Every structure is written in structure tokens, then in C-alpha cells.
Amino acid sequence: MVTKDQNLRDSVNLHASLSSTQILSVCLLYEMSKGKSSFWYPYLVHLPRDYDLLATFGDFEKQALQVEDAVWAAEKAISKSQSEWKEAVTLMKELDLKPKFQSLHAWNWASATISSRTLHIPWDSAGCLCPVGDLFNYDAPGDDFNTSQEDVGLVVETQSERLTDGGFDGDANAYCLYARRNYQLGEQVLLCYGTYTNLELLEHYGFMLEENSNDKVFIPLETSLYALASSWPKDSLYIHQDGMPSFALVSTLRLWLIPQSQRDKSVMRLVYAGSQISMKNEILVMKWVAEKCGSVLRDLPTSIVEDRVLLQDIDKLQDPELRLEQREVEAFGSEVRDFLDANHLWDLINGGFSGKINRRICKWRLSVQWRLRCKRTLADCISYCNEKMNHLSGT
């Protein structure tokens, strides 16, 4: 695009400090500003007009995440988008883009398009926009092995030659996408974008999965514990979505809960092998994890039950066919009431919300879904630890 448009090329060359992603975002807005005269118009007109990435969250949706790490991730994403827009706005003015395409709102849309829809190419870190190729929904790694027995040989043979779902083929001069298994007629073909936690999916793509084998929940750990965990990265100390503490977290806690005078070579060998040191030590580990998860849950503003009720209330607000009675409106919890207050929506209940408000509700719902999934993981971890302690105590 840049090489074929001299005006665009000359302007971009004057802004060497901009990243590849910023340049691609400007190019996207440049083409959008052309309207129907753009060569890419048939593609551009089908792009979503709104995204749910963290960078697009308002303050209410950001705070609704509740968990400190998630709120911080949202703040960082929002700040990054604003900073990159300020750096690129001079270039957009030089290209004489219409004012609406120079706005922060337009920039958030363009950068969200780049983040959620580009495909990897080896020569540009921003990736490329690929019509049709960017239509595939996500299939998390580890969830694609539900193949029939007769398909196994084919899948193994294919994966041995090709470990990704797609890539640019220089020989074919084309971007090639590959199915990881056989699909039935009418079945949706999915594409793996990589390994992401639910928070990372929200940050980069604007959605999350109720069941995500790659999701992680981190709990607060003492500084002295991190010092002992030098053999493992900090991001390996977490709770799996099914509630099981990670190998690194359990191993580190086993060592941390042993008196320093008893940390001899035999104990260290057991720790690094992932083996139980003693029954007493294992019970202490499970008790510590369960209590820490319980403490995190108690410190959060709402409970699992309250969040489930809240999601039901949000669904009622989103249902254009549903007429809410006065008693149902009065029964709304404090968070729903705060949202209605903040957006001056009390008089619009049963009258239908604008598209802008409905998009805000969708983002708010994602925040509640994310925090509920996080709380469920913590609750499952408590159950897992209690079962382990009961089993150990009974042996």
C-alpha cells in the first residue's frame, strides 16, 4: 500500500519513529477515509465497527474487572493506545484525513482491528490484514484433539510437517491456512492464534473462553517465596483454570514451608523432581493455598453468587423484547444501579438503549464474565486443596 501511493510513502518516511503497528493503523484509516474510492473498500466495509479489547474499555468496565492485575492491564492498554495515537496524529494531519478519522475513537478502532485481525508475516512485526483469512474464530491449543480414531494418523502426519495453523508461503506467494483436523460439512472451521490466558484474549482480541485450558489465575505471594522460586519464571506460579495449583507453585511452596535447617540435598532433589516431601508438608502446602485463595475471594467486592445474578440482570437489560416490571427494576443490585446512574439510563429501561450504550453493556458483561471465571477457579482450587488434605489425613 505504501509503495504504491507516493503521497502516503513520502509522509510515512518523515515519521521513522512510528512503529510498524502505528503505520499500519494510519494506513487503515487512510484507506477508510477514501470511502468507496479505496481499492480495499469491499473488504473495509465488512470490518466490525466496534471492538471489545481492553483498550476500548471505559472506566466503569475497567473497574468492573475487580482483580488488581486485570484493572492494571486495562489501564496499561488504554494508556498505550492514547500514547500511540498522540504520536501518530501529526502524520494523520499531514495526510489530510477527515477529522473523524483523526480522533482517538477512530484510532482505537484501527489499532483494535490490527491487534485482533492481522496475521503474522516474517518481514513486518505489525502483521498483515488478510481478507477471508481473518474471519476464523479461535480454537485454543489443546482443544483440537477430539478427532476420530481413523483421523489420528492423518492429523499426526500433518502436524509433524506443520506446527502452526497458517503462515506466508514464499514459494506460493500466498498466505496459507491449514486445518488441524478433518471437519464435517457445515461445521465451523477454527484457527489457533496461539496460547493465551483469558485476560490476554480480552486484551488482544476482545473475547474470552468459559473453558480455556491455557487460563491462569495468580494469587499474591510473599517476597521470600519468590526468592526461592528462582528456578522457575514468576509467571509459572499460578492456579490452572480447573483449580489445580501449577507444578512450579506447589514445588516452591513445598520448599518454602520446610524449615531452612532441613533444606538438605535430599529435600532439594524431591522438590525439583516434583515429589512430595512429607505428608505433613503436603498438607501445609494445600492448607496455605486454600487459605490464600479464600482470602482473595473474600477481598473482592462481589461473590460468585452475586456475579451470576448480575449477569442475569445484564441479560435482561440487553434483551430488547423483555419488558421489565417495576419490582424487577427495584430488585437490581448496586452495580446495575451504578451503571444506570452513570449513564443516565433509568428513563430508557424498556425503551431501548442506543448502539453506543449497548456496546458499553457488552464490555461490562465481559468484565463480569472474566472476574466470575477467575473466582470460580479460586473456588475450585479451594475444593481441590481440601480434597487433597482429606485424602492425606485419611491415609
# chains A, B, ... in the order shown; residues from 1 in each chain; ligands from 1
call {"tool": "residues_around", "arguments": {"residues": "segment 126-128 of chain A", "least_positions_apart": "3", "cutoff": "6 Å", "atoms": "only C-alpha atoms", "output": "number ranges by chain"}}
result
A: 20-21, 118-121
call {"tool": "residues_around", "arguments": {"residues": "Pro233 of chain A", "least_positions_apart": "3", "cutoff": "12 Å", "atoms": "only C-alpha atoms", "output": "ChimeraX atom specification"}}
result
/A:226-230,236-238,246-249,252
call {"tool": "residues_around", "arguments": {"residues": "segment 96-101 of chain A", "least_positions_apart": "3", "cutoff": "8 Å", "atoms": "only C-alpha atoms", "output": "list in words"}}
result
Leu29, Tyr30, Ser33, Met92, Lys93, Ala106 and Trp107 of chain A
call {"tool": "residues_around", "arguments": {"residues": "Cys293 of chain A", "least_positions_apart": "4", "cutoff": "12 Å", "atoms": "only C-alpha atoms", "output": "VMD selection string"}}
result
chain A and resid 217 to 221 238 to 239 243 to 245 286 to 289 297 to 300 374 to 386
call {"tool": "select_by_dssp", "arguments": {"residues": "segment 127-357 of chain A", "states": "strand (DSSP E)", "output": "ChimeraX atom specification"}}
result
/A:127-128,137-138,166-169,174-177,190-191,216-217,239-240
call {"tool": "select_by_dssp", "arguments": {"residues": "segment 122-270 of chain A", "states": "helix (DSSP H, G or I)", "output": "VMD selection string"}}
result
chain A and resid 149 to 161 198 to 204 223 to 228 234 to 236 247 to 256 260 to 262 265 to 270
